[in-house]
file input_1.txt (compact mmCIF, C-alpha atoms and all ligand atoms)
# COMPACT_ATOMS: atom_id res chain seq x y z
CA MET A 1 0.00 0.00 0.00
CA ASN A 2 2.87 2.35 0.78
CA PHE A 3 4.98 1.47 -2.21
CA LEU A 4 2.70 0.35 -5.05
CA GLN A 5 0.31 2.58 -6.90
CA ALA A 6 -1.63 2.15 -10.13
CA GLY A 7 0.87 1.95 -12.98
CA GLN A 8 3.69 0.73 -10.72
CA GLY A 9 4.80 -2.88 -10.36
CA ALA A 10 6.69 -5.17 -7.99
CA ASP A 11 8.24 -8.64 -8.21
CA TYR A 12 7.05 -11.40 -5.85
CA ILE A 13 8.37 -14.88 -5.11
CA ASN A 14 5.62 -17.38 -4.39
CA THR A 15 6.70 -19.97 -1.82
CA GLY A 16 3.34 -20.84 -0.29
CA SER A 17 0.35 -19.62 1.67
CA TRP A 18 1.82 -16.42 3.10
CA SER A 19 3.40 -15.30 -0.16
CA LYS A 20 0.13 -15.98 -1.96
CA LYS A 21 -1.70 -13.77 0.48
CA ALA A 22 0.89 -11.02 0.04
CA ILE A 23 0.56 -11.31 -3.75
CA ALA A 24 -3.24 -11.14 -3.63
CA GLN A 25 -3.19 -8.04 -1.44
CA ALA A 26 -0.49 -6.27 -3.47
CA ARG A 27 -2.63 -6.74 -6.60
CA ARG A 28 -5.13 -4.32 -5.08
CA PHE A 29 -2.61 -1.52 -5.53
CA GLY A 30 -0.44 -2.16 -8.57
CA ASP A 31 1.00 -4.72 -10.98
CA VAL A 32 2.43 -7.86 -9.43
CA TYR A 33 4.90 -10.06 -11.29
CA VAL A 34 5.43 -13.53 -9.87
CA VAL A 35 9.08 -14.07 -10.81
CA ALA A 36 9.50 -17.47 -9.14
CA SER A 37 7.18 -20.06 -7.66
CA SER A 38 7.47 -23.50 -6.12
CA GLU A 39 3.79 -24.28 -6.54
CA ASP A 40 4.61 -26.92 -9.19
CA ARG A 41 5.92 -29.24 -6.45
CA ASN A 42 3.51 -28.18 -3.71
CA PHE A 43 5.93 -25.62 -2.24
CA THR A 44 8.46 -28.23 -1.11
CA TYR A 45 11.45 -26.15 -2.23
CA VAL A 46 12.71 -22.58 -2.52
CA PRO A 47 12.66 -21.49 -6.17
CA THR A 48 15.27 -19.30 -7.87
CA GLU A 49 14.05 -16.00 -9.21
CA SER A 50 14.51 -15.35 -12.92
CA ASP A 51 13.44 -12.67 -15.40
CA LEU A 52 13.14 -9.97 -12.77
CA THR A 53 11.14 -6.98 -13.97
CA PRO A 54 13.39 -4.00 -14.77
CA SER A 55 10.74 -1.51 -13.62
CA ALA A 56 9.85 -3.36 -10.38
CA ARG A 57 9.91 -1.12 -7.30
CA TYR A 58 10.80 -3.97 -4.98
CA LEU A 59 11.20 -7.73 -4.75
CA HIS A 60 9.09 -9.39 -2.06
CA PHE A 61 9.81 -12.78 -0.50
CA THR A 62 8.76 -14.75 2.56
CA SER A 63 12.00 -15.88 4.20
CA ASN A 64 10.51 -18.88 6.00
CA ASN A 65 7.52 -20.75 4.72
CA THR A 66 5.88 -21.64 8.04
CA ILE A 67 3.33 -24.08 6.64
CA PHE A 68 5.43 -26.02 4.11
CA GLY A 69 8.67 -26.01 6.12
CA THR A 70 11.01 -24.33 3.65
CA GLN A 71 13.40 -21.43 4.21
CA PHE A 72 15.65 -19.30 1.98
CA ARG A 73 19.34 -20.01 2.61
CA ASP A 74 20.33 -16.63 1.12
CA GLU A 75 18.38 -13.55 0.22
CA PRO A 76 17.24 -13.25 -3.39
CA THR A 77 18.79 -10.31 -5.24
CA PRO A 78 16.50 -7.59 -6.62
CA THR A 79 17.22 -5.99 -9.95
CA GLY A 80 18.26 -2.39 -10.72
CA ASP A 81 17.01 0.09 -8.15
CA ALA A 82 14.47 -2.31 -6.66
CA TRP A 83 14.78 -3.04 -2.97
CA LEU A 84 14.18 -6.21 -1.02
CA VAL A 85 11.01 -6.59 1.06
CA CYS A 86 10.72 -9.56 3.37
CA ASP A 87 7.99 -11.14 5.45
CA ALA A 88 10.23 -12.61 8.16
CA SER A 89 7.39 -13.43 10.57
CA SER A 90 8.45 -17.00 11.22
CA ASP A 91 12.25 -16.82 11.21
CA ILE A 92 13.19 -13.32 12.34
CA PHE A 93 16.36 -13.40 14.48
CA CYS A 94 16.81 -17.16 14.10
CA GLN A 95 20.33 -16.35 12.86
CA PRO A 96 22.33 -13.23 11.93
CA ILE A 97 20.79 -11.04 9.19
CA ASP A 98 22.70 -8.84 6.75
CA ILE A 99 20.34 -5.92 7.26
CA SER A 100 22.07 -3.82 4.61
CA ARG A 101 20.58 -6.07 1.92
CA TYR A 102 17.00 -5.10 2.78
CA GLY A 103 14.71 -2.15 2.14
CA LEU A 104 12.01 -3.39 4.50
CA ILE A 105 11.51 -6.34 6.82
CA TYR A 106 8.24 -6.99 8.61
CA ALA A 107 7.69 -9.70 11.18
CA GLY A 108 4.74 -10.60 13.37
CA ALA A 109 6.06 -11.06 16.89
CA GLN A 110 4.35 -14.30 17.76
CA LYS A 111 7.05 -16.77 16.77
CA ASN A 112 10.50 -15.51 17.73
CA LEU A 113 9.86 -12.12 19.31
CA GLY A 114 7.07 -12.15 21.87
CA PRO A 115 3.28 -12.23 22.17
CA SER A 116 0.96 -11.80 19.20
CA GLY A 117 -0.36 -8.34 18.45
CA VAL A 118 2.90 -6.55 17.61
CA THR A 119 4.67 -6.45 14.26
CA LEU A 120 8.30 -5.40 14.07
CA VAL A 121 9.16 -3.31 11.00
CA ILE A 122 12.74 -2.52 10.01
CA ILE A 123 12.75 -0.02 7.16
CA ARG A 124 15.46 1.92 5.34
CA ASP A 125 15.39 5.65 6.20
CA ASP A 126 14.89 6.84 2.63
CA LEU A 127 11.92 4.48 2.15
CA VAL A 128 10.16 5.86 5.23
CA LYS A 129 9.91 9.16 3.36
CA ALA A 130 9.20 7.61 -0.04
CA GLY A 131 5.86 5.96 0.79
CA ALA A 132 2.47 7.00 -0.59
CA LEU A 133 0.90 10.14 0.87
CA ASP A 134 -2.65 9.49 -0.26
CA ILE A 135 -3.37 6.58 2.11
CA PRO A 136 -4.64 6.98 5.68
CA GLU A 137 -1.98 8.51 7.94
CA MET A 138 -2.21 5.58 10.31
CA LEU A 139 -1.00 3.26 7.52
CA GLN A 140 1.98 5.38 6.43
CA TYR A 141 5.36 4.32 7.77
CA ARG A 142 6.43 7.96 8.11
CA THR A 143 3.67 8.55 10.66
CA HIS A 144 5.05 5.85 12.95
CA ALA A 145 8.67 6.82 12.40
CA ASP A 146 7.91 10.52 13.08
CA ASN A 147 6.11 9.59 16.31
CA ASP A 148 8.61 7.09 17.71
CA SER A 149 6.07 4.30 17.14
CA CYS A 150 3.64 6.08 19.50
CA TYR A 151 1.30 7.77 17.01
CA ASN A 152 -1.56 5.86 18.59
CA THR A 153 -1.56 3.79 21.76
CA PRO A 154 0.78 0.91 20.93
CA PRO A 155 0.41 -2.60 22.39
CA THR A 156 2.66 -1.74 25.32
CA PHE A 157 2.76 -5.15 26.99
CA GLY A 158 3.81 -6.87 23.75
CA ILE A 159 6.54 -4.29 23.16
CA TYR A 160 7.77 -4.67 26.75
CA VAL A 161 8.01 -8.45 26.35
CA MET A 162 9.81 -8.03 23.02
CA GLY A 163 12.37 -5.90 24.85
CA LEU A 164 12.87 -8.73 27.35
CA VAL A 165 13.29 -11.20 24.49
CA PHE A 166 15.93 -8.97 22.85
CA ARG A 167 17.84 -8.84 26.16
CA TRP A 168 17.55 -12.60 26.43
CA LEU A 169 18.94 -12.97 22.90
CA LEU A 170 21.91 -10.76 23.80
CA ASP A 171 22.48 -12.69 27.04
CA GLN A 172 22.56 -15.96 25.10
CA GLY A 173 25.39 -14.62 22.96
CA GLY A 174 23.35 -12.84 20.29
CA LEU A 175 22.21 -14.05 16.91
CA GLU A 176 25.48 -15.90 16.17
CA GLU A 177 24.90 -18.18 19.13
CA ILE A 178 21.15 -18.50 18.53
CA GLY A 179 21.90 -19.42 14.90
CA ARG A 180 24.36 -22.08 16.01
CA ARG A 181 21.81 -23.59 18.39
CA ASN A 182 19.07 -23.53 15.78
CA GLN A 183 21.36 -25.31 13.30
CA GLU A 184 22.05 -27.96 15.89
CA LYS A 185 18.41 -28.45 16.87
CA ALA A 186 17.28 -28.74 13.24
CA ALA A 187 20.16 -31.11 12.38
CA THR A 188 19.14 -33.45 15.22
CA LEU A 189 15.69 -33.80 13.71
CA TYR A 190 16.64 -33.85 10.01
CA ASP A 191 19.45 -36.36 10.59
CA TYR A 192 16.96 -38.68 12.23
CA LEU A 193 14.34 -38.14 9.50
CA ASP A 194 16.91 -38.89 6.78
CA GLU A 195 17.69 -42.28 8.36
CA ASP A 196 14.25 -43.34 9.45
CA VAL A 197 12.06 -45.57 7.29
CA LEU A 198 8.67 -44.57 8.73
CA PHE A 199 8.91 -40.76 8.87
CA LYS A 200 9.90 -38.74 5.82
CA PRO A 201 10.76 -35.03 5.65
CA THR A 202 8.63 -33.15 3.09
CA ALA A 203 10.94 -30.23 2.25
CA GLU A 204 13.73 -30.80 -0.27
CA THR A 205 17.32 -30.81 1.00
CA GLY A 206 18.81 -27.34 0.59
CA SER A 207 15.42 -25.67 1.20
CA ARG A 208 14.71 -27.06 4.66
CA SER A 209 13.56 -24.72 7.39
CA LEU A 210 15.40 -24.35 10.68
CA MET A 211 12.14 -23.33 12.34
CA ASN A 212 9.35 -25.57 11.01
CA ILE A 213 10.25 -29.15 10.28
CA THR A 214 7.53 -30.87 8.28
CA PHE A 215 7.29 -34.64 7.91
CA VAL A 216 4.82 -37.42 7.12
CA THR A 217 4.50 -41.17 7.40
CA GLY A 218 2.58 -41.30 4.13
CA ASN A 219 -0.46 -42.66 5.95
CA PRO A 220 -2.82 -40.02 7.43
CA ASP A 221 -4.20 -42.48 10.02
CA LEU A 222 -0.71 -43.26 11.25
CA ASP A 223 0.11 -39.53 11.30
CA ALA A 224 -2.91 -38.97 13.55
CA ARG A 225 -1.84 -41.80 15.85
CA PHE A 226 1.66 -40.40 16.09
CA ILE A 227 0.38 -36.92 16.94
CA GLU A 228 -1.74 -38.42 19.68
CA THR A 229 1.13 -40.55 21.04
CA ALA A 230 3.47 -37.55 21.07
CA SER A 231 0.94 -35.39 22.85
CA ARG A 232 0.65 -38.02 25.59
CA SER A 233 4.42 -37.57 26.06
CA GLY A 234 3.96 -33.82 26.47
CA LEU A 235 4.83 -32.89 22.87
CA SER A 236 1.93 -30.76 21.69
CA GLY A 237 1.24 -28.75 18.53
CA LEU A 238 2.72 -31.33 16.15
CA LYS A 239 -0.25 -31.44 13.80
CA GLY A 240 0.69 -30.03 10.39
CA HIS A 241 -1.25 -27.02 9.13
CA ARG A 242 -4.74 -28.05 8.00
CA SER A 243 -3.87 -27.22 4.37
CA VAL A 244 -1.04 -29.82 4.19
CA GLY A 245 -1.62 -32.41 6.94
CA GLY A 246 1.18 -34.58 8.33
CA MET A 247 3.35 -33.26 11.13
CA ARG A 248 5.15 -30.00 11.77
CA ALA A 249 7.65 -29.52 14.56
CA SER A 250 7.91 -25.79 15.15
CA ILE A 251 11.20 -25.32 16.91
CA TYR A 252 11.44 -21.56 17.26
CA ASN A 253 14.24 -19.82 19.19
CA ALA A 254 12.57 -20.49 22.55
CA PHE A 255 12.20 -24.23 21.97
CA PRO A 256 14.86 -26.11 23.96
CA PRO A 257 17.27 -28.69 22.46
CA ALA A 258 16.01 -31.18 25.08
CA GLY A 259 12.55 -30.95 23.49
CA VAL A 260 13.97 -31.89 20.09
CA GLU A 261 15.81 -34.85 21.60
CA LYS A 262 12.64 -35.97 23.31
CA LEU A 263 10.72 -35.74 20.04
CA VAL A 264 13.31 -37.92 18.31
CA ASP A 265 13.05 -40.49 21.12
CA VAL A 266 9.26 -40.58 20.82
CA MET A 267 9.55 -40.94 17.03
CA LYS A 268 12.05 -43.80 17.40
CA ASP A 269 9.72 -45.67 19.77
CA PHE A 270 6.76 -45.13 17.50
CA ALA A 271 8.71 -46.20 14.40
CA GLN A 272 9.78 -49.41 16.16
CA GLN A 273 6.19 -50.25 16.96
CA HIS A 274 4.67 -49.25 13.63
CA GLY A 275 7.50 -49.33 11.08
C1 LIG A 301 5.40 -16.08 7.33
C2 LIG A 301 4.12 -15.57 7.94
N1 LIG A 301 3.59 -14.43 7.50
C3 LIG A 301 2.44 -13.94 8.01
C4 LIG A 301 1.78 -14.60 9.01
C5 LIG A 301 0.50 -14.00 9.53
O1 LIG A 301 0.68 -13.47 10.77
P1 LIG A 301 -0.57 -12.81 11.51
O2 LIG A 301 -1.45 -13.94 11.92
O3 LIG A 301 0.06 -12.09 12.67
O4 LIG A 301 -1.21 -11.89 10.52
C6 LIG A 301 2.29 -15.79 9.52
C7 LIG A 301 1.58 -16.52 10.60
O5 LIG A 301 1.85 -17.63 10.91
C8 LIG A 301 3.48 -16.29 8.95
O6 LIG A 301 4.00 -17.46 9.39

call {"tool": "encode", "arguments": {"input": "input_1.txt", "output": "structure tokens"}}
result
Amino acid sequence: MNFLQAGQGADYINTGSWSKKAIAQARRFGDVYVVASSEDRNFTYVPTESDLTPSARYLHFTSNNTIFGTQFRDEPTPTGDAWLVCDASSDIFCQPIDISRYGLIYAGAQKNLGPSGVTLVIIRDDLVKAGALDIPEMLQYRTHADNDSCYNTPPTFGIYVMGLVFRWLLDQGGLEEIGRRNQEKAATLYDYLDEDVLFKPTAETGSRSLMNITFVTGNPDLDARFIETASRSGLSGLKGHRSVGGMRASIYNAFPPAGVEKLVDVMKDFAQQHG
């Protein structure tokens, strides 16, 4: 809304549900060019952008595909003067970010930052001023930047908790250390999935998410039994998103390595009984 007006266009990468929603909403304002998509293989991989549009204002991507369990290894590169816009809602601060590569990052707080109801926006100074002026003031980035994010009454509790989470991140050793731990946690699970005969990972190697690890047995009844067994062992929330089924282990920053190890143990037991 801030950066696309009639007659202007932007490039979008389609990696699943959240990108599709972003594409559909952007189409209300200007021309949207889908320059890469992984829909052909049900969003199980991260596609490479090609034929970027020379006149595109920006290139939008969703860094982690929460539902399908894929994640960009590196940022895509926009063309010409276009800048990079990222929905980082489900992997923000899971590892160091080269912020200089981005024009705008937006991230709902509810995965890695704090309670739902707050969205963190990191935006380049010159873009704050470059946004549309003919949209409601409340929806212009400049309004929030000019008012130190207090133009209206902000969700103070959520912001306070986010501050505590940032301190926690620093105390842990910052994003380098968090990234190392996330790599380790994800490797524990993927290494097991790669060996096991009952459970199979759904995302292609090279596109696998550090945050949402999706897997199936291939038999929906068995999936349901596994989810139930795991929940009896205290491992809840393993049901895959309703649009894809199977299982999804969401191992965000706050999820402890011991929880991942426990999940692998429960999977091993279940595989022995049902494999
Ligand atoms: C990548 C991504 N974008 C957007 C959203 C939507 O967030 P909200 O429910 O806060 O609008 C989600 C929610 O899971 C998400 O994972």

call {"tool": "atom_distance", "arguments": {"input": "input_1.txt", "atom1": "atom CA of A:Asp126", "atom2": "atom C7 of ligand LIG 301 (chain A)"}}
result
28.0 Å

call {"tool": "residues_near_ligand", "arguments": {"input": "input_1.txt", "ligand": "ligand LIG 301 (chain A)", "cutoff": "8 Å", "atoms": "all atoms listed in the file", "output": "PyMOL selection string"}}
result
chain A and resi 18-19+62-67+87-91+107-111+116-119

call {"tool": "closest_residue", "arguments": {"input": "input_1.txt", "among": "A:Asp171, A:Asp31, A:Asp81, A:Glu261", "to": "A:Gly103", "atoms": "only C-alpha atoms"}}
result
A:Asp81

call {"tool": "atom_distance", "arguments": {"input": "input_1.txt", "atom1": "atom CA of A:Thr53", "atom2": "atom CA of A:Thr77"}}
result
12.1 Å

call {"tool": "residues_around", "arguments": {"input": "input_1.txt", "residues": "A:Ser37", "least_positions_apart": "6", "cutoff": "8 Å", "atoms": "all atoms listed in the file", "output": "PDB file with C-alpha atoms, keeping the file's coordinate frame"}}
result
ATOM      1  CA  ILE A  13       8.370 -14.880  -5.110  1.00  0.00           C
ATOM      2  CA  ASN A  14       5.620 -17.380  -4.390  1.00  0.00           C
ATOM      3  CA  THR A  15       6.700 -19.970  -1.820  1.00  0.00           C
ATOM      4  CA  PHE A  43       5.930 -25.620  -2.240  1.00  0.00           C
ATOM      5  CA  VAL A  46      12.710 -22.580  -2.520  1.00  0.00           C
ATOM      6  CA  PRO A  47      12.660 -21.490  -6.170  1.00  0.00           C
TER       7      PRO A  47
END

call {"tool": "atom_distance", "arguments": {"input": "input_1.txt", "atom1": "atom CA of A:Ile135", "atom2": "atom CA of A:Ile123"}}
result
18.1 Å

call {"tool": "closest_residue", "arguments": {"input": "input_1.txt", "among": "A:Arg124, A:Val165, A:Arg28, A:Pro257", "to": "A:Arg142", "atoms": "all atoms listed in the file"}}
result
A:Arg124

call {"tool": "closest_residue", "arguments": {"input": "input_1.txt", "among": "A:Ile159, A:Met247, A:Leu263, A:Tyr151", "to": "A:Leu113", "atoms": "only C-alpha atoms"}}
result
A:Ile159

call {"tool": "residues_around", "arguments": {"input": "input_1.txt", "residues": "stretch 187-193 of chain A", "least_positions_apart": "4", "cutoff": "12 Å", "atoms": "all atoms listed in the file", "output": "ChimeraX atom specification"}}
result
/A:69,180-183,197-206,208-217,248-251,257-268,271

call {"tool": "closest_residue", "arguments": {"input": "input_1.txt", "among": "A:Arg27, A:Phe93, A:Ser50, A:Phe68", "to": "A:His241", "atoms": "only C-alpha atoms"}}
result
A:Phe68

call {"tool": "closest_residue", "arguments": {"input": "input_1.txt", "among": "A:Leu52, A:Phe61, A:Leu238, A:Ser149", "to": "A:Ile23", "atoms": "all atoms listed in the file"}}
result
A:Phe61

call {"tool": "closest_residue", "arguments": {"input": "input_1.txt", "among": "A:Ser17, A:Tyr141, A:Asn219, A:Arg225", "to": "A:Glu39", "atoms": "all atoms listed in the file"}}
result
A:Ser17

call {"tool": "residues_near_point", "arguments": {"input": "input_1.txt", "point": "(15.6, -11.7, -1.0)", "cutoff": "9 Å", "atoms": "all atoms listed in the file", "output": "ChimeraX atom specification"}}
result
/A:13,59-63,72,74-78,83-86,101-102

call {"tool": "residues_around", "arguments": {"input": "input_1.txt", "residues": "stretch 127-132 of chain A", "least_positions_apart": "4", "cutoff": "12 Å", "atoms": "all atoms listed in the file", "output": "number ranges by chain"}}
result
A: 1-6, 8, 29, 57-58, 82-85, 102-105, 121-123, 136-146

call {"tool": "decode", "arguments": {"input": "input_1.txt", "residues": "stretch 226-255 of chain A", "atoms": "N, CA and C atoms", "output": "compact mmCIF listing (two decimals), in the first residue's frame"}}
result
# COMPACT_ATOMS: atom_id res chain seq x y z
N PHE A 226 0.39 -40.92 15.57
CA PHE A 226 1.66 -40.40 16.09
C PHE A 226 1.44 -39.10 16.86
N ILE A 227 0.63 -38.22 16.29
CA ILE A 227 0.38 -36.92 16.94
C ILE A 227 -0.21 -37.14 18.33
N GLU A 228 -1.10 -38.09 18.40
CA GLU A 228 -1.74 -38.42 19.68
C GLU A 228 -0.73 -39.01 20.67
N THR A 229 0.10 -39.94 20.19
CA THR A 229 1.13 -40.55 21.04
C THR A 229 2.08 -39.48 21.57
N ALA A 230 2.52 -38.59 20.67
CA ALA A 230 3.47 -37.55 21.07
C ALA A 230 2.83 -36.63 22.10
N SER A 231 1.55 -36.33 21.91
CA SER A 231 0.94 -35.39 22.85
C SER A 231 0.80 -36.03 24.23
N ARG A 232 0.67 -37.35 24.28
CA ARG A 232 0.65 -38.02 25.59
C ARG A 232 2.01 -37.93 26.27
N SER A 233 3.07 -37.74 25.47
CA SER A 233 4.42 -37.57 26.06
C SER A 233 4.73 -36.10 26.31
N GLY A 234 3.73 -35.24 26.19
CA GLY A 234 3.96 -33.82 26.47
C GLY A 234 4.40 -33.01 25.27
N LEU A 235 4.40 -33.62 24.07
CA LEU A 235 4.83 -32.89 22.87
C LEU A 235 3.59 -32.46 22.09
N SER A 236 3.18 -31.22 22.30
CA SER A 236 1.93 -30.76 21.69
C SER A 236 2.20 -29.92 20.44
N GLY A 237 1.13 -29.66 19.70
CA GLY A 237 1.24 -28.75 18.53
C GLY A 237 1.95 -29.36 17.34
N LEU A 238 1.98 -30.69 17.25
CA LEU A 238 2.72 -31.33 16.15
C LEU A 238 1.89 -31.52 14.88
N LYS A 239 0.60 -31.24 14.97
CA LYS A 239 -0.25 -31.44 13.80
C LYS A 239 0.15 -30.44 12.72
N GLY A 240 0.35 -30.93 11.49
CA GLY A 240 0.69 -30.03 10.39
C GLY A 240 -0.47 -29.07 10.13
N HIS A 241 -0.19 -27.99 9.44
CA HIS A 241 -1.25 -27.02 9.13
C HIS A 241 -2.35 -27.74 8.36
N ARG A 242 -3.60 -27.32 8.59
CA ARG A 242 -4.74 -28.05 8.00
C ARG A 242 -4.66 -28.13 6.46
N SER A 243 -3.93 -27.20 5.83
CA SER A 243 -3.87 -27.22 4.37
C SER A 243 -2.90 -28.28 3.83
N VAL A 244 -2.01 -28.82 4.69
CA VAL A 244 -1.04 -29.82 4.19
C VAL A 244 -1.08 -31.15 4.94
N GLY A 245 -1.58 -31.16 6.17
CA GLY A 245 -1.62 -32.41 6.94
C GLY A 245 -0.25 -32.81 7.46
N GLY A 246 -0.09 -34.08 7.81
CA GLY A 246 1.18 -34.58 8.33
C GLY A 246 1.56 -33.90 9.64
N MET A 247 2.86 -33.82 9.87
CA MET A 247 3.35 -33.26 11.13
C MET A 247 4.23 -32.04 10.86
N ARG A 248 4.26 -31.17 11.85
CA ARG A 248 5.15 -30.00 11.77
C ARG A 248 5.68 -29.73 13.15
N ALA A 249 7.01 -29.86 13.28
CA ALA A 249 7.65 -29.52 14.56
C ALA A 249 8.13 -28.09 14.45
N SER A 250 7.49 -27.19 15.17
CA SER A 250 7.91 -25.79 15.15
C SER A 250 8.89 -25.57 16.28
N ILE A 251 10.16 -25.41 15.89
CA ILE A 251 11.20 -25.32 16.91
C ILE A 251 11.83 -23.92 16.88
N TYR A 252 11.01 -22.95 17.27
CA TYR A 252 11.44 -21.56 17.26
C TYR A 252 12.56 -21.35 18.30
N ASN A 253 13.10 -20.13 18.30
CA ASN A 253 14.24 -19.82 19.19
C ASN A 253 14.03 -20.32 20.62
N ALA A 254 12.80 -20.18 21.14
CA ALA A 254 12.57 -20.49 22.55
C ALA A 254 12.47 -21.99 22.81
N PHE A 255 12.38 -22.79 21.75
CA PHE A 255 12.20 -24.23 21.97
C PHE A 255 13.54 -24.87 22.35
